[in-house]
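J.: Structure file coords-v7.txt (compact mmCIF, C-alpha atoms) is given on the next line.
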```txt
# COMPACT_ATOMS: atom_id res chain seq x y z
CA MET A 316 46.29 102.65 -35.08
CA ASN A 317 44.42 105.63 -33.68
CA ARG A 318 41.07 105.21 -32.06
CA LEU A 319 38.28 105.42 -34.58
CA LEU A 320 36.57 108.80 -34.41
CA ALA A 321 33.20 107.77 -35.77
CA LEU A 322 31.38 106.68 -32.61
CA VAL A 323 27.75 105.75 -33.01
CA ILE A 324 25.67 106.16 -29.88
CA VAL A 325 23.31 103.21 -30.07
CA ALA A 326 21.37 103.27 -26.81
CA ILE A 327 21.01 104.82 -23.43
CA VAL A 328 19.74 102.15 -21.11
CA THR A 329 18.10 103.55 -18.00
CA PHE A 330 17.95 101.72 -14.71
CA ALA A 331 14.99 100.18 -12.97
CA VAL A 332 14.15 102.10 -9.82
CA THR A 333 12.88 99.06 -7.94
CA PHE A 334 14.67 95.87 -6.98
CA SER A 335 12.23 93.54 -8.76
CA VAL A 336 13.74 91.67 -11.70
CA ASN A 337 10.32 91.64 -13.31
CA TYR A 338 10.73 95.39 -13.82
CA LEU A 339 13.45 95.64 -16.45
CA THR A 340 14.68 98.63 -18.37
CA THR A 341 13.72 99.28 -21.96
CA SER A 342 15.36 96.61 -24.08
CA VAL A 343 17.36 97.52 -27.15
CA ARG A 344 18.01 95.33 -30.18
CA PHE A 345 21.11 96.04 -32.25
CA ASN A 346 21.38 95.31 -35.93
CA GLY A 347 24.34 93.10 -36.60
CA ASN A 348 25.48 89.53 -36.39
CA PRO A 349 24.74 88.11 -33.92
CA ASP A 350 21.63 90.08 -33.00
CA TYR A 351 21.33 90.40 -29.21
CA ARG A 352 19.00 92.34 -26.97
CA PHE A 353 20.42 94.18 -23.96
CA GLU A 354 18.69 94.54 -20.59
CA THR A 355 20.06 96.45 -17.61
CA ILE A 356 19.12 95.52 -14.04
CA GLU A 357 20.17 97.34 -10.90
CA GLY A 358 22.30 94.99 -8.83
CA GLU A 359 25.73 93.72 -7.79
CA ARG A 360 25.81 90.34 -9.53
CA ILE A 361 23.64 88.49 -12.02
CA ALA A 362 23.18 84.85 -13.07
CA THR A 363 20.82 83.09 -15.46
CA ASP A 364 19.59 79.65 -16.41
CA ASP A 365 17.11 78.61 -19.12
CA LYS A 366 14.11 79.94 -17.18
CA ASN A 367 15.22 82.44 -14.54
CA ILE A 368 17.25 85.55 -13.91
CA TYR A 369 18.86 85.85 -10.49
CA VAL A 370 20.14 89.19 -9.18
CA LEU A 371 22.14 89.99 -6.05
CA VAL A 372 21.15 93.38 -4.66
CA ILE A 373 22.63 95.04 -1.58
CA ASN A 374 20.46 97.89 -0.38
CA LYS A 375 22.07 101.14 0.62
CA GLY A 376 20.53 101.38 4.08
CA LEU A 377 22.11 100.79 7.46
CA PRO A 378 22.68 97.96 7.85
CA PRO A 379 23.07 97.10 4.14
CA ILE A 380 20.90 94.00 3.59
CA PRO A 381 21.69 91.59 0.72
CA TYR A 382 18.79 90.29 -1.38
CA ILE A 383 18.50 87.62 -4.05
CA ARG A 384 15.77 88.44 -6.55
CA ALA A 385 14.40 85.87 -9.01
CA ASN A 386 11.46 85.72 -11.41
CA SER A 387 9.25 83.88 -8.90
CA TRP A 388 10.75 84.64 -5.46
CA ASN A 389 12.63 87.21 -3.41
CA LEU A 390 14.95 86.32 -0.54
CA ALA A 391 16.43 88.66 2.07
CA LEU A 392 19.68 87.39 3.63
CA ASN A 393 21.37 88.15 6.94
CA GLU A 394 22.88 91.66 6.97
CA SER A 395 26.08 90.30 8.56
CA LEU A 396 26.97 88.23 5.48
CA TRP A 397 29.85 89.25 3.19
CA ILE A 398 28.72 87.91 -0.16
CA SER A 399 29.19 90.56 -2.84
CA ASN A 400 31.74 88.75 -5.05
CA VAL A 401 29.93 85.86 -6.77
CA LEU A 402 26.44 84.78 -7.86
CA LYS A 403 26.27 81.50 -9.81
CA CYS A 404 23.62 78.91 -10.73
CA PHE A 405 24.53 75.20 -11.04
CA ASN A 406 22.06 72.30 -11.28
CA GLY A 407 19.21 74.38 -9.88
CA ASN A 408 21.33 75.50 -6.91
CA ILE A 409 22.15 79.18 -6.41
CA TYR A 410 25.49 80.01 -4.80
CA VAL A 411 26.33 83.50 -3.59
CA SER A 412 29.72 84.12 -2.01
CA GLY A 413 32.46 86.38 -0.80
CA VAL A 414 33.99 85.82 2.61
CA ASP A 415 30.88 83.72 3.31
CA VAL A 416 29.22 81.17 1.00
CA VAL A 417 25.46 80.62 0.80
CA LYS A 418 23.61 77.81 -1.00
CA ILE A 419 20.01 78.54 -2.03
CA ARG A 420 17.45 76.24 -3.65
CA LYS A 421 13.90 77.18 -4.67
CA GLY A 422 14.13 80.47 -2.84
CA LYS A 423 15.24 79.02 0.49
CA VAL A 424 18.64 78.98 2.17
CA VAL A 425 20.07 75.44 2.36
CA TRP A 426 23.20 76.41 4.33
CA VAL A 427 25.65 79.21 5.08
CA LYS A 428 29.32 78.24 5.44
CA ASP A 429 32.86 79.57 5.49
CA LEU A 430 35.98 78.13 3.87
CA VAL A 431 38.81 77.99 6.39
CA ALA A 432 42.51 77.34 5.75
CA LYS A 433 44.91 76.35 8.50
CA ARG A 434 48.01 78.57 8.51
CA VAL A 435 51.20 78.94 10.46
CA SER A 436 53.33 81.99 11.22
CA TYR A 437 56.45 82.27 13.36
CA GLU A 438 57.40 84.35 16.36
CA GLY A 439 60.62 84.46 18.32
CA THR A 440 64.04 84.75 16.71
CA LYS A 441 65.56 83.41 13.52
CA GLU A 442 67.61 80.98 15.59
CA ASN A 443 64.62 79.95 17.72
CA PRO A 444 61.40 80.35 15.69
CA ILE A 445 58.17 79.57 17.49
CA PRO A 446 55.31 78.38 15.25
CA VAL A 447 51.92 80.01 15.78
CA TYR A 448 48.98 78.17 14.22
CA TYR A 449 45.81 80.01 13.23
CA GLU A 450 42.78 79.74 10.95
CA ASP A 451 42.23 81.99 7.96
CA ILE A 452 38.73 82.45 6.47
CA LEU A 453 39.15 82.47 2.68
CA ASN A 454 37.47 85.01 0.40
CA VAL A 455 35.85 83.46 -2.69
CA PHE A 456 36.15 85.57 -5.86
CA ASP A 457 34.84 83.12 -8.47
CA MET A 458 33.20 79.71 -8.62
CA GLU A 459 32.64 77.13 -11.35
CA SER A 460 31.20 73.61 -11.54
CA ASP A 461 31.81 70.46 -13.58
CA GLY A 462 28.28 69.23 -12.78
CA THR A 463 29.36 67.34 -9.65
CA HIS A 464 31.99 69.42 -7.89
CA LEU A 465 32.58 73.10 -7.19
CA TYR A 466 35.89 74.85 -7.93
CA LEU A 467 36.45 78.06 -5.99
CA ASN A 468 39.02 80.75 -6.71
CA THR A 469 40.17 82.44 -3.50
CA ARG A 470 42.96 84.41 -5.28
CA ASP A 471 45.40 82.70 -2.90
CA GLY A 472 44.63 79.43 -4.67
CA ILE A 473 41.97 76.98 -5.88
CA VAL A 474 39.70 74.84 -3.69
CA LYS A 475 37.67 71.83 -4.91
CA THR A 476 34.56 70.84 -2.94
CA ASP A 477 31.35 68.90 -3.36
CA GLU A 478 28.03 70.71 -3.81
CA ASP A 479 27.79 71.20 -0.04
CA LEU A 480 31.25 72.80 0.27
CA ASN A 481 32.95 69.76 1.81
CA VAL A 482 36.59 70.24 0.79
CA ILE A 483 38.23 67.60 -1.44
CA TRP A 484 41.51 69.46 -1.95
CA ALA A 485 42.95 72.97 -1.75
CA VAL A 486 46.15 74.21 -3.41
CA GLU A 487 48.28 77.32 -3.63
CA LEU A 488 50.67 78.15 -6.48
CA LEU A 489 54.34 78.74 -5.73
CA ARG A 490 57.21 79.95 -7.87
CA LYS A 491 60.25 77.80 -8.53
CA ASN A 492 62.03 79.38 -5.53
CA GLY A 493 59.14 78.41 -3.23
CA LYS A 494 57.65 81.90 -2.86
CA ARG A 495 53.97 82.56 -3.51
CA PHE A 496 53.06 83.08 -7.15
CA GLY A 497 50.74 85.92 -6.14
CA ASP A 498 47.04 86.68 -6.28
CA LEU A 499 45.17 85.07 -9.16
CA ASN A 500 42.76 87.06 -11.30
CA ASP A 501 39.15 86.53 -10.23
CA ASP A 502 37.89 84.64 -13.28
CA ILE A 503 38.43 80.87 -13.59
CA SER A 504 37.11 78.27 -16.04
CA VAL A 505 36.58 74.50 -15.85
CA SER A 506 36.52 71.98 -18.71
CA ASP A 507 39.13 69.20 -19.03
CA GLY A 508 40.95 70.95 -16.17
CA ILE A 509 40.88 74.13 -14.12
CA TYR A 510 42.18 77.27 -15.82
CA ALA A 511 43.24 80.43 -14.02
CA THR A 512 45.20 83.54 -14.95
CA ARG A 513 47.46 86.11 -13.36
CA TRP A 514 48.67 89.20 -15.22
CA ASN A 515 50.05 87.74 -18.48
CA SER A 516 50.12 84.09 -17.30
CA VAL A 517 47.68 81.24 -17.96
CA ILE A 518 47.73 78.24 -15.60
CA LYS A 519 46.14 74.81 -16.00
CA LEU A 520 45.52 72.34 -13.16
CA ASN A 521 43.98 68.93 -13.63
CA ARG A 522 40.88 68.03 -11.62
CA ASP A 523 43.05 66.46 -8.93
CA GLY A 524 44.73 69.80 -8.29
CA GLU A 525 48.03 68.94 -9.98
CA LEU A 526 49.78 71.46 -12.22
CA GLU A 527 49.70 70.54 -15.92
CA TRP A 528 51.31 73.69 -17.35
CA ALA A 529 51.82 77.42 -16.92
CA VAL A 530 52.63 79.84 -19.74
CA THR A 531 53.41 83.53 -20.00
CA LEU A 532 52.11 85.44 -23.02
CA ALA A 533 55.08 87.45 -24.24
CA SER A 534 55.91 89.58 -27.27
CA PRO A 535 58.98 88.28 -29.15
CA GLU A 536 59.23 91.54 -31.12
CA LYS A 537 61.44 94.19 -29.53
CA VAL A 538 61.25 97.94 -30.07
CA GLU A 539 63.46 100.85 -29.14
CA GLN A 540 62.20 102.81 -26.15
CA ARG A 541 63.62 106.24 -25.36
CA ILE A 542 63.98 107.29 -21.74
CA GLU A 543 64.57 110.84 -20.61
CA GLY A 544 66.75 111.28 -17.56
CA LYS A 545 69.36 113.41 -15.89
CA ASP A 546 73.13 113.12 -15.79
CA ILE A 547 76.02 115.07 -14.35
CA LYS A 548 78.55 116.48 -16.80
CA LYS A 549 81.35 118.72 -15.65
CA GLY A 550 79.59 119.25 -12.36
CA GLU A 551 76.30 120.28 -13.94
CA ILE A 552 73.00 118.40 -14.12
CA VAL A 553 71.92 117.99 -17.75
CA GLN A 554 68.97 116.33 -19.48
CA VAL A 555 69.91 113.21 -21.44
CA GLU A 556 68.08 110.65 -23.57
CA ARG A 557 68.79 106.95 -23.40
CA SER A 558 67.27 104.05 -25.27
CA ARG A 559 66.69 100.39 -24.55
CA LYS A 560 65.10 97.38 -26.24
CA VAL A 561 61.73 96.38 -24.77
CA PRO A 562 58.98 93.97 -25.87
CA LYS A 563 56.60 95.63 -28.32
CA TYR A 564 53.53 94.46 -26.37
CA SER A 565 52.89 93.98 -22.67
CA ILE A 566 49.84 91.77 -22.03
CA GLU A 567 47.29 91.84 -19.20
CA ILE A 568 44.70 89.03 -19.04
CA TYR A 569 41.36 89.66 -17.32
CA ALA A 570 39.11 86.72 -18.26
CA VAL A 571 39.39 83.10 -19.43
CA HIS A 572 36.97 80.62 -21.03
CA THR A 573 37.67 77.01 -21.93
CA GLU A 574 36.00 74.17 -23.79
CA ASN A 575 38.10 72.45 -26.45
CA TYR A 576 40.36 75.52 -26.57
CA VAL A 577 41.38 78.25 -24.16
CA TYR A 578 40.20 81.81 -24.88
CA VAL A 579 41.55 84.81 -22.97
CA VAL A 580 40.83 88.54 -23.22
CA GLY A 581 42.47 91.60 -21.73
CA LEU A 582 44.61 94.55 -22.76
CA ALA A 583 47.78 94.89 -24.83
CA HIS A 584 50.09 97.83 -24.09
CA ASP A 585 51.81 98.88 -27.31
CA ARG A 586 55.17 100.60 -26.80
CA LEU A 587 55.94 101.28 -30.46
CA SER A 588 54.88 104.91 -30.49
CA GLY A 589 56.42 107.68 -28.43
CA HIS A 590 53.68 107.20 -25.86
CA GLU A 591 52.00 103.97 -24.82
CA GLU A 592 48.77 102.95 -26.57
CA VAL A 593 46.44 100.37 -24.99
CA TYR A 594 44.28 98.04 -27.09
CA PRO A 595 41.77 95.27 -26.30
CA PHE A 596 43.52 91.91 -26.64
CA LEU A 597 42.20 88.40 -27.35
CA ALA A 598 43.95 85.08 -27.86
CA LYS A 599 43.19 81.41 -28.42
CA LEU A 600 45.38 78.67 -26.97
CA SER A 601 45.28 74.90 -27.28
CA SER A 602 44.54 72.76 -24.21
CA ASP A 603 48.32 72.14 -24.11
CA GLY A 604 49.09 75.85 -23.75
CA GLU A 605 50.20 76.61 -27.32
CA ILE A 606 49.14 79.81 -29.09
CA VAL A 607 46.64 79.26 -31.93
CA TRP A 608 46.19 82.99 -32.65
CA ALA A 609 46.58 86.32 -30.87
CA ARG A 610 44.96 89.62 -31.89
CA ILE A 611 44.39 93.20 -30.83
CA VAL A 612 41.33 95.32 -31.66
CA ASN A 613 41.90 98.61 -33.49
CA VAL A 614 40.22 100.64 -30.73
CA THR A 615 42.34 102.25 -28.04
CA TYR A 616 41.34 101.89 -24.41
CA PRO A 617 38.93 104.77 -23.71
CA THR A 618 40.13 105.83 -20.24
CA PRO A 619 43.85 105.06 -19.82
CA GLY A 620 45.01 104.38 -16.27
CA THR A 621 41.58 103.41 -14.88
CA TYR A 622 41.63 99.65 -15.31
CA ALA A 623 39.10 97.48 -13.47
CA LEU A 624 40.75 94.08 -13.01
CA GLU A 625 37.71 91.90 -13.69
CA GLY A 626 35.94 90.31 -16.62
CA LYS A 627 34.01 87.41 -18.08
CA ILE A 628 33.74 85.46 -21.35
CA ILE A 629 30.40 83.83 -22.22
CA ARG A 630 29.99 81.22 -24.98
CA ASP A 631 26.80 81.29 -27.09
CA LYS A 632 26.87 78.57 -29.77
CA THR A 633 29.70 79.79 -32.05
CA THR A 634 29.90 83.31 -30.62
CA PHE A 635 31.95 84.53 -27.65
CA ILE A 636 30.85 87.57 -25.62
CA ALA A 637 33.71 89.24 -23.76
CA TRP A 638 33.30 91.86 -21.04
CA PHE A 639 36.18 93.23 -19.00
CA SER A 640 37.70 96.29 -17.35
CA ASN A 641 34.17 97.61 -16.73
CA CYS A 642 33.77 99.42 -20.03
CA ILE A 643 34.65 96.98 -22.87
CA LEU A 644 32.14 94.51 -24.34
CA PHE A 645 32.53 92.77 -27.69
CA MET A 646 31.54 89.63 -29.59
CA PHE A 647 34.02 87.50 -31.50
CA ASP A 648 34.07 84.11 -33.23
CA GLU A 649 36.43 81.16 -32.84
CA ASN A 650 38.80 82.67 -35.41
CA GLY A 651 39.08 86.00 -33.56
CA LYS A 652 36.86 87.99 -35.93
CA ILE A 653 35.10 90.90 -34.16
CA LEU A 654 31.33 90.70 -34.71
CA ASN A 655 30.26 93.71 -32.62
CA PHE A 656 32.17 96.07 -30.33
CA TYR A 657 30.78 98.38 -27.62
CA ILE A 658 32.15 100.88 -25.12
CA LEU A 659 30.07 100.95 -21.93
CA ASN A 660 29.90 104.03 -19.76
CA GLY A 661 28.57 103.37 -16.27
CA GLU A 662 29.13 101.39 -13.08
CA ILE A 663 28.94 97.90 -14.62
CA GLU A 664 29.17 95.04 -12.11
CA ASP A 665 28.45 91.84 -14.06
CA ILE A 666 26.88 90.38 -17.22
CA ALA A 667 24.93 87.21 -18.07
CA LEU A 668 23.26 85.71 -21.14
CA THR A 669 20.05 83.79 -21.76
CA ASN A 670 17.55 83.52 -24.62
CA ASN A 671 19.50 85.84 -26.92
CA THR A 672 19.52 88.61 -24.30
CA ILE A 673 22.60 90.03 -22.58
CA TYR A 674 21.74 91.15 -19.06
CA ILE A 675 23.89 93.84 -17.47
CA ALA A 676 24.00 94.23 -13.68
CA ALA A 677 24.94 97.79 -12.83
CA SER A 678 24.75 100.38 -10.09
CA PRO A 679 23.37 103.77 -11.14
CA ILE A 680 25.57 106.81 -10.64
CA GLN A 681 23.65 109.00 -8.19
CA ILE A 682 24.04 112.77 -8.06
CA GLU A 683 22.93 114.19 -4.72
CA ARG A 684 22.52 117.51 -2.98
CA ILE A 685 21.95 118.32 0.67
CA GLU A 686 18.55 119.63 1.71
CA ASP A 687 17.68 120.16 5.38
CA GLN A 688 20.97 118.41 6.23
CA LYS A 689 19.85 115.28 4.37
CA PRO A 690 21.06 113.97 0.99
CA VAL A 691 18.48 114.16 -1.78
CA ILE A 692 18.94 112.32 -5.08
CA VAL A 693 18.85 114.81 -7.94
CA GLU A 694 19.68 112.47 -10.79
CA LYS A 695 20.40 108.80 -11.53
CA ARG A 696 22.66 108.18 -14.48
CA GLY A 697 22.33 104.86 -16.24
CA VAL A 698 24.51 103.03 -18.76
CA LYS A 699 25.45 104.49 -22.12
CA MET A 700 26.51 102.11 -24.91
CA GLU A 701 28.58 103.22 -27.88
CA LYS A 702 28.77 100.82 -30.81
CA ILE A 703 32.05 101.18 -32.67
CA PRO A 704 33.14 99.66 -36.01
CA ALA A 705 36.14 97.51 -35.08
CA VAL A 706 38.33 94.78 -36.51
CA SER A 707 40.92 92.52 -34.94
CA ILE A 708 44.51 92.55 -36.14
CA PRO A 709 46.92 89.58 -35.78
CA ILE A 710 49.98 90.19 -33.63
CA SER A 711 52.97 88.04 -32.77
CA ILE A 712 52.71 86.60 -29.25
CA LYS A 713 54.49 83.57 -27.80
CA ALA A 714 53.36 81.30 -24.99
CA VAL A 715 56.52 80.80 -22.93
CA LYS A 716 56.28 77.94 -20.46
CA HIS A 717 57.52 78.59 -16.94
CA GLU A 718 57.84 76.50 -13.82
CA LEU A 719 55.39 76.66 -10.95
CA LYS A 720 54.81 74.39 -8.00
CA VAL A 721 51.58 73.32 -6.36
CA LYS A 722 51.37 73.34 -2.59
CA ARG A 723 48.58 71.43 -0.84
CA ILE A 724 47.03 73.34 2.05
CA GLU A 725 44.86 72.10 4.88
CA CYS A 726 41.39 73.50 4.34
CA TYR A 727 37.84 72.71 5.45
CA SER A 728 34.40 74.29 5.58
CA LYS A 729 32.39 75.05 8.67
CA ASN A 730 28.92 76.35 9.40
CA TRP A 731 28.74 80.12 9.49
CA GLU A 732 28.32 81.80 12.85
CA LYS A 733 26.72 85.21 13.02
CA LYS A 734 29.23 87.79 14.22
CA GLU A 735 29.24 91.54 14.38
CA ARG A 736 31.38 92.70 11.48
CA ILE A 737 32.43 95.99 9.94
CA LEU A 738 31.47 95.94 6.27
CA ILE A 739 34.49 96.67 4.10
CA PRO A 740 33.60 98.49 0.87
CA ARG A 741 34.50 96.63 -2.33
```
Go ahead and render the structure in this file as structure tokens.
T.:
Amino acid sequence: MNRLLALVIVAIVTFAVTFSVNYLTTSVRFNGNPDYRFETIEGERIATDDKNIYVLVINKGLPPIPYIRANSWNLALNESLWISNVLKCFNGNIYVSGVDVVKIRKGKVVWVKDLVAKRVSYEGTKENPIPVYYEDILNVFDMESDGTHLYLNTRDGIVKTDEDLNVIWAVELLRKNGKRFGDLNDDISVSDGIYATRWNSVIKLNRDGELEWAVTLASPEKVEQRIEGKDIKKGEIVQVERSRKVPKYSIEIYAVHTENYVYVVGLAHDRLSGHEEVYPFLAKLSSDGEIVWARIVNVTYPTPGTYALEGKIIRDKTTFIAWFSNCILFMFDENGKILNFYILNGEIEDIALTNNTIYIAASPIQIERIEDQKPVIVEKRGVKMEKIPAVSIPISIKAVKHELKVKRIECYSKNWEKKERILIPR
């Protein structure tokens, strides 16, 4: 199960040096099935519909100004907005969000709003707690639509609104003991319900915000793991080896996509060998949370220990396009067969698909030197793509149901007010 050594460098895609989406990089067509073109655009986020490509660009000046670029219009937004997390297109409406949420239609801003949750903390003593009520502006990390409503992932929980961000309900997930379940992964999906993930868990809510099920993807197969340690024998410290039984695979989920079935992708940590190997992982579940199949890809993770906890799965007819952890992109079918597999090298931010073309939003790696006490760009490095022969291999994974609770929270949206803010780097 070693990484395949025969890497074929297929293309080096250079970046556009302007912000206009009409100026794209040289496109590259790969032989294979399916046959997609790749285009790279400089930007933070990217979205597409049947006719347009929309790109979120944040310039590097002071102050950094966010722009939305489209095929037929360009729109500069207020520099005080925090909106680098999400760019989506639903029903002709463009939504861009982060701490703030902006709705755009036909190149014009319709509104700018914030999602606000009412919270309570306590001061005083344990015997005499004093409640302190405050408002918490939520940070939106992903957004989906069912055609009528918006579903927003704030990591703390899920919020359902209408198209103008009027809140219908907001929920947080709690463990059985009442403590917070923890931050959700960014990516969510909406079909017959709302699907979210966290680490190795998949969660389904219905459209009323009630929990339907939660499962943990776990390896039933155990392997012997040796641990080196120290012990004291006869007053001396000596090296000793111990062993314990651990699950063969540890799963991390980064992205989810649902229609009739639930598809997830991520990484599988294999503990069978003396050192840990990490492989791309994909699985298909039923809408009831049962495993249909689970597989790993026979390519080890290229840069161990540098995981980027984000990803996306796009459906194109019968083909799924998975991108996650910045550097992994592959196509697979509904049976888990790998159609094409690529390793990406570069600062990838987002991907989108339209008209048989995969668009990659990326930031160029800039190499600078100082001249006359000012930085001068010497080189801009684009994205390298390595196409690798790869197959998926079935593995034994169980979906173990576990108990979670849903807690309703008081939440509403309000019109955004311009304030002086310190921009926090992503």
J.: What is the distance, in Å and to one decimal place, between atom CA of Phe596 of chain A and atom CA of Glu567 of chain A?
T.: 8.3 Å
J.: Which is closer to Leu489 of chain A than all the others in A:Leu402, A:Glu394, A:Cys642, A:Ala529, using all atoms listed in the file?
T.: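 Answer, going by the shortest atom-to-atom distance: A:Ala529.
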J.: Atom CA of Tyr510 of chain A to atom CA of Ser711 of chain A: how many Å, to one decimal?
T.: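 Computed distance, atom CA of Tyr510 of chain A to atom CA of Ser711 of chain A, equals 22.8 Å.
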J.: Quick one: residues within 9 Å of Asn367 of chain A, all atoms listed in the file counted, chain neighbours fewer than 4 positions away excluded, as a VMD selection string?
T.: chain A and resid 362 to 363 385 to 387 669
J.: Those same residues, written as a short mmCIF file (atom, residue, chain, number, x, y, z; two decimals), in the frame of the given file with C-alpha atoms?
T.:
```
data_model
loop_
_atom_site.label_atom_id
_atom_site.label_comp_id
_atom_site.auth_asym_id
_atom_site.auth_seq_id
_atom_site.Cartn_x
_atom_site.Cartn_y
_atom_site.Cartn_z
CA ALA A 362 23.18 84.85 -13.07
CA THR A 363 20.82 83.09 -15.46
CA ALA A 385 14.40 85.87 -9.01
CA ASN A 386 11.46 85.72 -11.41
CA SER A 387 9.25 83.88 -8.90
CA THR A 669 20.05 83.79 -21.76
#
```
J.: So what do you get for atom CA of Gly493 of chain A versus atom CA of Leu719 of chain A, distance-wise?
T.: 8.8 Å
J.: What's the 9 Å shell around Val455 of chain A, counting all atoms listed in the file, without same-chain residues fewer than 2 positions away, as a list in words?
T.: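 Those residues are Ile398, Asn400, Val401, Ser412, Gly413, Val414, Asp415, Val416, Leu430, Leu453, Asp457, Met458, Leu467, Asn468, Thr469, Arg470 and Asp501 of chain A.
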J.: So that I can check the surroundings of Glu605 of chain A, please list as JSON, numbers by chain every protein, DNA and RNA residue that reaches within 9 Å of it, counting only C-alpha atoms and ignoring chain neighbours fewer than 4 positions away.
T.: {"A": [530, 599, 600, 601, 713, 714, 715]}
